[in-house]
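K.L.:
One file is attached below, query_0.csv, containing CSV, C-alpha atoms.
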chain,number,residue,atom,x,y,z
A,20,VAL,CA,111.2,49.4,79.3
A,21,PRO,CA,113.2,50.4,82.5
A,22,HIS,CA,113.2,54.2,82.8
A,23,ASN,CA,113.5,57.1,85.2
A,24,VAL,CA,110.8,59.7,85.6
A,25,LEU,CA,111.9,63.3,86.3
A,26,ASN,CA,109.2,65.6,87.6
A,27,ALA,CA,108.4,67.8,90.6
A,28,LYS,CA,108.2,64.8,92.9
A,29,ASN,CA,111.8,63.8,92.3
A,30,ASN,CA,113.5,67.0,93.2
A,31,GLU,CA,116.0,65.3,95.5
A,32,ARG,CA,117.1,62.9,92.8
A,33,GLU,CA,117.0,65.4,90.0
A,34,ALA,CA,120.7,65.9,89.5
A,35,SER,CA,121.5,62.1,89.7
A,36,ILE,CA,118.7,61.3,87.2
A,37,VAL,CA,119.9,63.8,84.6
A,38,ALA,CA,123.5,62.7,85.1
A,39,ASP,CA,122.6,59.1,84.6
A,40,ALA,CA,120.8,59.9,81.4
A,41,GLY,CA,124.0,59.5,79.4
A,42,LYS,CA,124.5,55.8,80.3
A,43,LYS,CA,124.0,53.1,77.8
A,44,GLY,CA,120.4,51.9,77.6
A,45,ALA,CA,119.2,54.6,80.0
A,46,VAL,CA,115.7,56.1,79.3
A,47,THR,CA,114.7,59.3,81.1
A,48,LEU,CA,111.2,60.7,80.9
A,49,ALA,CA,110.9,64.4,81.8
A,50,THR,CA,108.5,67.2,81.4
A,51,ASN,CA,111.3,69.5,80.4
A,52,ILE,CA,115.0,68.9,81.1
A,53,ALA,CA,116.2,72.0,79.3
A,54,GLY,CA,118.4,74.4,81.2
A,55,ARG,CA,118.6,72.4,84.4
A,56,GLY,CA,122.3,73.0,84.7
A,57,THR,CA,123.5,69.4,85.1
A,58,ASP,CA,126.0,68.1,82.6
A,59,ILE,CA,125.1,64.8,80.9
A,60,LYS,CA,128.2,62.7,80.6
A,61,LEU,CA,128.2,60.0,77.9
A,62,ASP,CA,129.7,56.6,78.4
A,63,LYS,CA,132.3,55.3,75.9
A,64,GLY,CA,129.9,52.9,74.4
A,65,VAL,CA,127.2,55.5,74.0
A,66,VAL,CA,129.6,57.8,72.0
A,67,LYS,CA,130.2,55.0,69.5
A,68,LEU,CA,126.5,54.3,69.2
A,69,GLY,CA,125.8,57.9,68.2
A,70,GLY,CA,125.5,59.7,71.5
A,71,LEU,CA,122.4,61.1,73.3
A,72,PHE,CA,119.1,61.0,71.5
A,73,VAL,CA,116.6,63.6,72.6
A,74,LEU,CA,113.0,62.9,71.6
A,75,GLY,CA,110.5,65.8,71.9
A,76,SER,CA,106.8,65.2,72.0
A,77,GLU,CA,105.9,68.7,70.9
A,78,ARG,CA,107.3,72.1,69.8
A,79,HIS,CA,107.3,74.7,72.5
A,80,GLU,CA,105.9,78.2,72.1
A,81,ALA,CA,109.4,79.6,72.6
A,82,ARG,CA,112.2,78.6,70.3
A,83,ARG,CA,114.7,79.1,73.2
A,84,ILE,CA,113.4,75.9,74.9
A,85,ASP,CA,113.6,73.9,71.8
A,86,ASN,CA,117.2,75.0,71.2
A,87,GLN,CA,118.1,74.1,74.8
A,88,LEU,CA,116.7,70.6,74.2
A,89,ARG,CA,118.7,70.3,71.0
A,90,GLY,CA,121.8,71.5,72.9
A,91,ARG,CA,121.5,68.5,75.2
A,92,ALA,CA,122.2,66.2,72.3
A,93,GLY,CA,125.4,67.9,71.3
A,94,ARG,CA,126.8,69.2,74.5
A,95,GLN,CA,130.6,70.1,74.5
A,96,GLY,CA,131.2,68.4,71.2
A,97,ASP,CA,129.5,65.1,72.0
A,98,PRO,CA,127.6,63.4,69.3
A,99,GLY,CA,123.8,63.3,69.4
A,100,GLU,CA,120.5,63.6,67.6
A,101,THR,CA,117.2,65.4,68.2
A,102,GLN,CA,113.8,64.5,66.9
A,103,PHE,CA,110.6,66.4,67.5
A,104,TYR,CA,107.1,65.1,66.8
A,105,VAL,CA,104.2,67.5,66.3
A,106,SER,CA,100.5,66.8,66.0
A,107,ALA,CA,98.0,68.8,64.0
A,108,GLU,CA,96.0,68.9,67.3
A,109,ASP,CA,98.8,70.6,69.3
A,110,ASP,CA,98.0,74.1,70.5
A,111,LEU,CA,100.8,75.7,68.4
A,112,MET,CA,99.5,74.0,65.2
A,113,ARG,CA,95.9,74.4,66.0
A,114,ILE,CA,96.2,78.2,66.4
A,115,PHE,CA,98.5,78.7,63.4
A,116,GLY,CA,97.2,76.6,60.6
A,117,GLY,CA,96.7,73.1,62.0
A,118,ASP,CA,93.3,72.8,60.3
A,119,ARG,CA,94.8,73.4,56.9
A,120,VAL,CA,97.4,70.7,57.5
A,121,ALA,CA,94.8,68.3,58.7
A,122,SER,CA,92.5,69.0,55.7
A,123,LEU,CA,95.5,68.6,53.3
A,124,MET,CA,96.3,65.2,54.8
A,125,ASN,CA,92.7,64.1,54.4
A,126,ARG,CA,92.6,65.1,50.7
A,127,MET,CA,95.9,63.3,50.1
A,128,GLY,CA,94.6,60.2,51.9
A,129,VAL,CA,97.5,60.2,54.4
A,130,GLY,CA,96.8,58.1,57.5
A,131,ASP,CA,96.9,59.5,61.0
A,132,ASP,CA,100.0,57.4,61.8
A,133,THR,CA,101.9,58.5,58.7
A,134,PRO,CA,104.7,61.0,59.5
A,135,ILE,CA,105.2,64.1,57.4
A,136,GLU,CA,108.7,65.6,57.1
A,137,ASN,CA,108.9,68.8,55.1
A,138,ARG,CA,110.9,71.9,55.4
A,139,ALA,CA,107.8,74.0,54.8
A,140,LEU,CA,106.2,72.5,57.8
A,141,SER,CA,109.3,73.3,60.0
A,142,LYS,CA,109.3,76.9,58.7
A,143,ALA,CA,105.6,77.3,59.5
A,144,LEU,CA,106.3,76.1,63.0
A,145,GLU,CA,109.1,78.6,63.5
A,146,SER,CA,107.0,81.3,62.1
A,147,ALA,CA,104.2,80.5,64.6
A,148,GLN,CA,106.8,80.5,67.4
A,149,LYS,CA,108.0,83.9,66.4
A,150,LYS,CA,104.4,85.2,66.5
A,151,VAL,CA,103.9,83.8,70.0
A,152,GLU,CA,107.2,85.2,71.2
A,153,SER,CA,106.3,88.6,69.8
A,154,HIS,CA,102.9,88.5,71.5
A,155,ASN,CA,104.4,87.5,74.8
A,156,PHE,CA,107.0,90.2,74.6
A,157,ASP,CA,104.3,92.8,73.9
A,158,SER,CA,102.3,91.5,76.8
A,159,ARG,CA,105.2,91.9,79.2
A,160,LYS,CA,106.0,95.3,77.9
A,161,HIS,CA,102.4,96.4,78.3
A,162,VAL,CA,102.3,95.1,81.8
A,163,VAL,CA,105.1,97.5,82.8
A,164,GLN,CA,103.3,100.4,81.1
A,165,TYR,CA,100.0,99.5,82.8
A,166,ASP,CA,101.8,99.3,86.2
A,167,ASP,CA,103.3,102.8,85.6
A,168,VAL,CA,99.8,104.3,85.3
A,169,MET,CA,98.6,102.6,88.5
A,170,ASN,CA,101.9,103.6,90.3
A,171,LYS,CA,101.1,107.2,89.6
A,172,HIS,CA,97.7,106.9,91.1
A,173,ARG,CA,99.0,105.0,94.1
A,174,LYS,CA,101.7,107.6,94.8
A,175,ALA,CA,99.1,110.4,94.7
A,176,ILE,CA,96.7,108.7,97.0
A,177,TYR,CA,99.4,107.5,99.5
A,178,ALA,CA,100.8,111.1,99.6
A,179,LEU,CA,97.3,112.5,100.3
A,180,ARG,CA,96.9,109.9,103.1
A,181,GLN,CA,100.2,110.7,104.7
A,182,GLN,CA,99.4,114.4,104.7
A,183,ILE,CA,96.1,113.7,106.5
A,184,LEU,CA,97.8,111.5,109.1
A,185,LYS,CA,100.6,114.0,109.8
A,186,SER,CA,98.5,117.2,109.7
A,187,GLU,CA,96.7,118.4,112.9
A,188,ASP,CA,94.4,120.8,111.0
A,189,ILE,CA,93.0,119.8,107.6
A,190,SER,CA,90.2,122.4,107.5
A,191,GLU,CA,91.8,124.0,104.5
A,192,ARG,CA,91.6,120.7,102.6
A,193,THR,CA,88.0,120.4,103.7
A,194,GLN,CA,87.4,123.9,102.2
A,195,GLU,CA,89.0,122.7,98.9
A,196,MET,CA,86.6,119.8,98.8
A,197,ILE,CA,83.7,122.1,99.4
A,198,GLU,CA,84.8,124.3,96.5
A,199,ARG,CA,85.1,121.2,94.3
A,200,VAL,CA,81.5,120.3,95.1
A,201,VAL,CA,80.4,123.9,94.4
A,202,SER,CA,82.1,123.7,91.0
A,203,VAL,CA,80.3,120.5,90.2
A,204,PHE,CA,76.8,122.0,90.9
A,205,THR,CA,77.5,125.4,89.4
A,206,PRO,CA,75.0,125.8,86.5
A,207,THR,CA,76.3,126.2,83.0
A,208,ASP,CA,73.2,127.5,81.3
A,209,GLY,CA,71.3,129.8,83.5
A,210,LYS,CA,70.1,129.1,87.1
A,211,ILE,CA,70.2,125.9,89.1
A,212,THR,CA,67.4,123.4,88.4
A,213,ASN,CA,65.2,121.8,91.0
A,214,ASP,CA,66.8,118.4,90.4
A,215,ASP,CA,70.3,119.7,91.0
A,216,LEU,CA,69.1,121.5,94.1
A,217,LYS,CA,67.6,118.3,95.5
A,218,GLU,CA,70.9,116.5,94.8
A,219,LEU,CA,72.8,119.3,96.4
A,220,GLN,CA,70.6,118.9,99.5
A,221,THR,CA,71.9,115.4,100.0
A,222,PHE,CA,75.4,116.8,100.5
A,223,VAL,CA,74.6,120.0,102.5
A,224,PRO,CA,71.6,120.5,104.8
A,225,LEU,CA,70.1,123.7,103.3
A,226,LEU,CA,67.5,125.8,104.8
A,227,ASP,CA,64.4,126.9,102.8
A,228,SER,CA,65.9,130.4,102.7
A,229,ASP,CA,69.1,129.0,101.3
A,230,LYS,CA,67.3,127.1,98.6
A,231,LYS,CA,65.4,130.2,97.5
A,232,LYS,CA,68.6,132.3,97.4
A,233,LEU,CA,70.4,129.6,95.3
A,234,LYS,CA,67.4,129.3,92.9
A,235,ALA,CA,67.4,133.1,92.4
A,236,THR,CA,71.2,133.3,91.9
A,237,SER,CA,72.6,133.7,88.4
A,238,GLU,CA,75.3,131.5,86.9
A,239,GLU,CA,78.0,134.1,87.4
A,240,LYS,CA,77.3,134.7,91.1
A,241,PHE,CA,76.4,131.1,92.0
A,242,PRO,CA,79.9,130.0,93.2
A,243,GLU,CA,80.3,133.1,95.5
A,244,VAL,CA,76.8,132.8,97.0
A,245,SER,CA,76.9,129.0,97.5
A,246,LYS,CA,80.3,129.2,99.1
A,247,LYS,CA,79.1,131.7,101.7
A,248,ILE,CA,76.2,129.5,102.5
A,249,PHE,CA,78.4,126.5,102.8
A,250,GLU,CA,80.9,128.4,105.0
A,251,ARG,CA,78.1,129.5,107.3
A,252,ILE,CA,76.8,126.0,107.8
A,253,TYR,CA,80.3,124.7,108.3
A,254,ALA,CA,80.9,127.4,111.0
A,255,GLU,CA,77.7,126.2,112.7
A,256,ARG,CA,78.9,122.5,112.6
A,257,GLU,CA,82.3,123.6,114.1
A,258,ARG,CA,80.5,125.5,116.9
A,259,ILE,CA,78.4,122.4,117.7
A,260,PHE,CA,81.4,120.1,117.8
A,261,THR,CA,84.0,122.6,119.1
A,262,PRO,CA,87.1,123.2,116.8
A,263,GLU,CA,89.2,120.6,118.5
A,264,ILE,CA,86.7,117.8,118.0
A,265,MET,CA,85.9,119.0,114.5
A,266,ARG,CA,89.5,118.5,113.4
A,267,LYS,CA,89.4,114.9,114.7
A,268,VAL,CA,86.1,114.3,112.9
A,269,GLU,CA,87.4,115.6,109.6
A,270,ARG,CA,90.5,113.5,109.9
A,271,GLU,CA,88.5,110.3,110.5
A,272,ILE,CA,86.1,111.1,107.7
A,273,PHE,CA,89.0,111.8,105.3
A,274,LEU,CA,90.8,108.5,106.1
A,275,GLN,CA,87.6,106.4,105.9
A,276,VAL,CA,86.5,107.9,102.5
A,277,VAL,CA,90.0,107.7,101.0
A,278,ASP,CA,90.4,104.1,102.0
A,279,THR,CA,87.0,103.0,100.8
A,280,LEU,CA,87.0,104.8,97.5
A,281,TRP,CA,90.6,103.7,96.8
A,282,MET,CA,89.7,100.1,97.1
A,283,GLN,CA,86.8,100.6,94.7
A,284,HIS,CA,89.2,102.4,92.3
A,285,LEU,CA,91.5,99.4,92.3
A,286,GLU,CA,88.7,97.1,91.3
A,287,ASP,CA,87.6,99.5,88.5
A,288,MET,CA,91.1,99.7,87.1
A,289,ALA,CA,91.4,95.9,87.2
A,290,HIS,CA,88.2,95.6,85.2
A,291,LEU,CA,89.4,98.2,82.8
A,292,ARG,CA,92.7,96.4,82.2
A,293,GLU,CA,91.0,93.1,81.6
A,294,GLY,CA,88.9,94.5,78.7
A,295,ILE,CA,91.2,97.1,77.3
A,296,THR,CA,93.0,94.7,74.9
A,297,TRP,CA,89.8,94.6,72.8
A,298,GLN,CA,90.5,98.2,71.7
A,299,SER,CA,93.1,96.8,69.3
A,300,VAL,CA,90.1,95.4,67.3
A,301,GLY,CA,89.1,99.0,66.5
A,302,GLN,CA,92.7,99.8,65.4
A,303,LYS,CA,93.4,101.6,68.7
A,304,ASP,CA,96.5,101.2,70.9
A,305,PRO,CA,95.4,99.5,74.2
A,306,VAL,CA,98.0,101.3,76.2
A,307,VAL,CA,97.0,104.7,75.0
A,308,GLU,CA,93.3,104.0,75.6
A,309,TYR,CA,94.2,102.6,79.1
A,310,ARG,CA,96.0,105.9,80.0
A,311,ARG,CA,93.2,108.0,78.7
A,312,GLN,CA,90.4,106.1,80.5
A,313,SER,CA,92.5,105.8,83.7
A,314,LYS,CA,92.7,109.6,83.8
A,315,VAL,CA,88.9,109.8,83.6
A,316,PHE,CA,88.6,107.2,86.3
A,317,TYR,CA,91.0,109.1,88.6
A,318,GLU,CA,89.2,112.4,88.1
A,319,GLN,CA,86.0,110.6,88.9
A,320,LEU,CA,87.7,109.3,92.0
A,321,GLU,CA,88.6,112.8,93.1
A,322,ASP,CA,85.1,114.0,92.5
A,323,ASN,CA,83.6,111.1,94.5
A,324,MET,CA,86.0,111.7,97.4
A,325,ALA,CA,85.1,115.4,97.5
A,326,GLN,CA,81.3,114.8,97.5
A,327,GLU,CA,81.5,112.0,100.0
A,328,ILE,CA,83.7,113.9,102.4
A,329,VAL,CA,81.5,117.0,102.2
A,330,ARG,CA,78.3,114.9,102.7
A,331,MET,CA,79.7,113.2,105.8
A,332,VAL,CA,81.2,116.4,107.3
A,333,TYR,CA,77.9,118.3,107.0
A,334,HIS,CA,75.8,115.4,108.2
A,335,ALA,CA,77.9,114.3,111.1
A,336,GLN,CA,76.1,114.4,114.5
A,337,PRO,CA,77.8,114.8,117.9
A,338,GLN,CA,77.1,112.0,120.4
A,339,ILE,CA,76.2,113.5,123.7
A,340,GLN,CA,77.6,111.5,126.6
A,341,GLN,CA,75.2,111.3,129.6
A,342,ILE,CA,76.6,110.6,133.0
A,343,VAL,CA,74.3,108.0,134.7
A,344,GLU,CA,74.6,107.2,138.4
A,345,GLU,CA,73.2,103.8,137.9
A,346,PRO,CA,75.5,101.1,136.6
A,347,LEU,CA,75.5,100.5,132.8
A,348,GLU,CA,73.1,97.7,131.8
A,349,THR,CA,74.4,95.2,129.3
A,350,GLU,CA,73.3,91.8,128.1
A,351,LEU,CA,75.7,90.2,130.6
A,352,THR,CA,74.4,92.2,133.6
A,353,ARG,CA,70.7,91.5,132.6
A,354,ALA,CA,71.5,87.8,132.4
A,355,ALA,CA,73.1,87.9,135.8
A,356,GLU,CA,70.2,89.7,137.4
A,357,LYS,CA,67.8,87.2,135.8
A,358,ALA,CA,69.8,84.3,137.2
A,359,THR,CA,69.8,85.9,140.7
A,360,ALA,CA,66.0,86.5,140.5
A,361,ASN,CA,65.4,82.8,139.6
A,362,THR,CA,67.6,81.7,142.5
A,363,ASP,CA,65.6,83.9,144.9
A,364,ARG,CA,62.3,82.4,143.7
A,365,LEU,CA,63.6,78.9,144.1
A,366,ALA,CA,64.7,79.6,147.6
A,367,LYS,CA,61.3,81.1,148.5
A,368,LYS,CA,59.5,78.0,147.1
A,369,GLU,CA,61.8,75.6,149.1
A,370,THR,CA,61.1,77.6,152.2
A,371,LYS,CA,57.3,77.4,151.7
A,372,PHE,CA,57.5,73.7,150.9
A,373,SER,CA,59.5,73.0,154.1
A,374,ALA,CA,56.9,75.0,156.2
A,375,LYS,CA,54.1,72.9,154.7
A,376,GLU,CA,55.9,69.7,155.5
A,377,GLY,CA,56.4,70.8,159.0
A,378,ALA,CA,52.7,71.6,159.4
A,379,ILE,CA,51.8,68.3,158.0
A,380,GLU,CA,54.1,66.5,160.4
A,381,ARG,CA,52.8,68.4,163.4
A,382,GLY,CA,49.1,67.6,162.6
A,383,ALA,CA,49.6,64.0,161.4
A,384,LYS,CA,48.3,61.0,163.3
A,385,ALA,CA,50.4,58.0,164.3
A,386,PRO,CA,50.9,55.6,161.6
A,387,VAL,CA,48.4,52.6,161.5
A,388,ASP,CA,49.3,49.0,160.8
A,389,ASP,CA,47.8,47.8,157.5
A,390,LYS,CA,47.2,44.2,158.7
A,391,LYS,CA,45.2,45.2,161.8
A,392,LEU,CA,43.1,47.6,159.8
A,393,LYS,CA,42.2,44.8,157.3
A,394,ALA,CA,41.3,42.5,160.1
A,395,LYS,CA,38.9,45.0,161.7
A,396,LYS,CA,37.2,45.6,158.3
A,397,ASP,CA,36.8,41.8,157.8
A,398,ALA,CA,35.3,41.4,161.3
A,399,ALA,CA,32.8,44.3,160.6
A,400,ARG,CA,31.7,42.6,157.3
A,401,LYS,CA,31.2,39.3,159.1
A,402,LYS,CA,29.0,40.9,161.8
A,403,LYS,CA,26.8,42.6,159.1
A,404,LYS,CA,26.4,39.3,157.3
A,405,GLN,CA,25.5,37.4,160.4
A,406,ALA,CA,23.0,40.1,161.3
A,407,ARG,CA,21.3,39.8,157.9
A,408,LYS,CA,21.0,35.9,158.4
A,409,ASN,CA,19.4,36.3,161.9
A,410,ARG,CA,16.8,38.8,160.5
A,411,LYS,CA,15.8,36.3,157.8
A,412,LYS,CA,15.3,33.5,160.4
A,413,GLY,CA,13.1,35.7,162.6
A,414,ARG,CA,10.8,36.4,159.6
A,415,LYS,CA,10.3,32.7,159.0
Can the structure in the file be given as structure tokens, please?

P.N.:
Amino acid sequence: VPHNVLNAKNNEREASIVADAGKKGAVTLATNIAGRGTDIKLDKGVVKLGGLFVLGSERHEARRIDNQLRGRAGRQGDPGETQFYVSAEDDLMRIFGGDRVASLMNRMGVGDDTPIENRALSKALESAQKKVESHNFDSRKHVVQYDDVMNKHRKAIYALRQQILKSEDISERTQEMIERVVSVFTPTDGKITNDDLKELQTFVPLLDSDKKKLKATSEEKFPEVSKKIFERIYAERERIFTPEIMRKVEREIFLQVVDTLWMQHLEDMAHLREGITWQSVGQKDPVVEYRRQSKVFYEQLEDNMAQEIVRMVYHAQPQIQQIVEEPLETELTRAAEKATANTDRLAKKETKFSAKEGAIERGAKAPVDDKKLKAKKDAARKKKKQARKNRKKGRK
């Protein structure tokens, strides 16, 4: 059957293919011609035959698309007809009762090629479409609500980063981070334990006297005593670096930690969003649970930022630059020196070899002709042979 195929490969001829679909005997195959904005004009003979006939191979998840296809068959008062064919194996039927229809057909002995036309079936399809549309609408609505939560986190982190970039002195913010770490390690039931003290040692290099003082400090005085110890160590670090360099070190540490932990936070929030929909199984609103858990994640992000910044500030070491009179040695300079040394060795070997050749030439004899030398040897052998014969004759 002569026909035109309308798909993504025929974008240039799309308008002409759709416009020619109203001619007599024209057959147009398309993935979906609904809402393409091109009017299908019917020929006079087509109007008398009943107009445009739209044949759908399946029912779409959205009723809007089906209605647009139906509208093609009766555009601007033109006659037409629409017919949809649905299989029990289609996704829409399979998810919403396709198995029941298939089992019913098997019990009734209806063949696979026998069509079923029933209003109940059409209503069931429309009901399934309504459920899908409602689900898609809720999904889109939840996407906006999820994005609102992430947008709040993003604004807070970006505002913090801008303050760090624009501020020349962020020592006060460093002190806030130190206080946050102190609050994390403040004991809640008595004195600090050995395990907590060891963990605190990973953030701040404590002296033995500091450890003893902290272990002997009560819960009420712990924040005050630990803060004084931290401030003393911080003042020592600032004296080693000098205040000007210390401000630069703090800014670099802040930016590095914020960027690294923010990227990790984005991954954690993405994983949370992927699995939060399962909360509906436990009769919980996924959006409410997402907001609650995202708050916990953000507080954990702030704690991690404070701990990592304090750890890096207290463990940063100044790099002492030594002025060396000799040129800096690199891989490239070492390779160049090696090549120069090899060249010098080769030059010395060539000089020795040339000297030897000269000595050989000076002490060498004149070249001897090979034929003359052979003739002399032959003559000597003949003389020896003749002498042996003469000796034998004398004996006789």

K.L.:
Using all atoms listed in the file, which protein or nucleic acid residues come within 7 Å of A:Lys42? Drop anything in the same chain fewer than 3 positions from it, and give the result as a list in words.

P.N.:
Asp39, Ala45, Leu61, Asp62 and Val65 of chain A

K.L.:
Go ahead and dump the residues you just picked, C-alpha atoms, as a PDB file, in the coordinates of the input.

P.N.:
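Result went into part.pdb, see below:
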ATOM      1  CA  ASP A  39     122.600  59.100  84.600  1.00  0.00           C
ATOM      2  CA  ALA A  45     119.200  54.600  80.000  1.00  0.00           C
ATOM      3  CA  LEU A  61     128.200  60.000  77.900  1.00  0.00           C
ATOM      4  CA  ASP A  62     129.700  56.600  78.400  1.00  0.00           C
ATOM      5  CA  VAL A  65     127.200  55.500  74.000  1.00  0.00           C
TER       6      VAL A  65
END

K.L.:
Which residues, written as a PyMOL selection string, have at least one atom at most 12 Å from A:Glu187, with only C-alpha atoms counted and residues fewer than 2 positions away on the same chain left out?

P.N.:
chain A and resi 181-185+189-192+262-271

K.L.:
Using only C-alpha atoms, can you tell me which of A:Ser228, A:Gln302, A:Gln319, A:Asn23 comes closest to A:Asp287?

P.N.:
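That would be A:Gln319, the residue with the smallest distance to A:Asp287.
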
K.L.:
So which one's closest to A:Tyr309, A:His284, A:Lys396, A:His161, A:Lys28? Using all atoms listed in the file, please.

P.N.:
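Selected residue with least distance to A:Tyr309: A:His161.
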
K.L.:
So which residues touch A:Gln220 within 12 Å, counting only C-alpha atoms, skipping near sequence neighbours fewer than 3 positions away, as a PDB file with C-alpha atoms, keeping the file's coordinate frame?

P.N.:
ATOM      1  CA  VAL A 200      81.500 120.300  95.100  1.00  0.00           C
ATOM      2  CA  PHE A 204      76.800 122.000  90.900  1.00  0.00           C
ATOM      3  CA  ASN A 213      65.200 121.800  91.000  1.00  0.00           C
ATOM      4  CA  ASP A 214      66.800 118.400  90.400  1.00  0.00           C
ATOM      5  CA  ASP A 215      70.300 119.700  91.000  1.00  0.00           C
ATOM      6  CA  LEU A 216      69.100 121.500  94.100  1.00  0.00           C
ATOM      7  CA  LYS A 217      67.600 118.300  95.500  1.00  0.00           C
ATOM      8  CA  VAL A 223      74.600 120.000 102.500  1.00  0.00           C
ATOM      9  CA  PRO A 224      71.600 120.500 104.800  1.00  0.00           C
ATOM     10  CA  LEU A 225      70.100 123.700 103.300  1.00  0.00           C
ATOM     11  CA  LEU A 226      67.500 125.800 104.800  1.00  0.00           C
ATOM     12  CA  ASP A 227      64.400 126.900 102.800  1.00  0.00           C
ATOM     13  CA  ASP A 229      69.100 129.000 101.300  1.00  0.00           C
ATOM     14  CA  LYS A 230      67.300 127.100  98.600  1.00  0.00           C
ATOM     15  CA  LEU A 233      70.400 129.600  95.300  1.00  0.00           C
ATOM     16  CA  PHE A 249      78.400 126.500 102.800  1.00  0.00           C
ATOM     17  CA  GLN A 326      81.300 114.800  97.500  1.00  0.00           C
ATOM     18  CA  VAL A 329      81.500 117.000 102.200  1.00  0.00           C
ATOM     19  CA  ARG A 330      78.300 114.900 102.700  1.00  0.00           C
ATOM     20  CA  TYR A 333      77.900 118.300 107.000  1.00  0.00           C
ATOM     21  CA  HIS A 334      75.800 115.400 108.200  1.00  0.00           C
TER      22      HIS A 334
END

K.L.:
Would you mind reading off the distance between atom CA of A:Glu238 and atom CA of A:Leu219, one decimal, in Å?

P.N.:
15.7 Å

K.L.:
For each of A:Arg119, A:Arg91, A:Lys240, A:Arg138, take the minimum atom-to-atom distance to A:Phe72, counting all atoms listed in the file, then give the residue where this is smallest.

P.N.:
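Closest candidate: A:Arg91.
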
K.L.:
Just give me the gap between atom CA of A:Arg89 and atom CA of A:Gln102 in Å, one decimal is fine.

P.N.:
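Calculated distance between atom CA of A:Arg89 and atom CA of A:Gln102 is 8.6 Å.
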
K.L.:
To one decimal place in Å, what is the distance between atom CA of A:Gly44 and atom CA of A:Asn30?

P.N.:
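Computing the Euclidean distance for atom CA of A:Gly44 and atom CA of A:Asn30 yields 22.8 Å.
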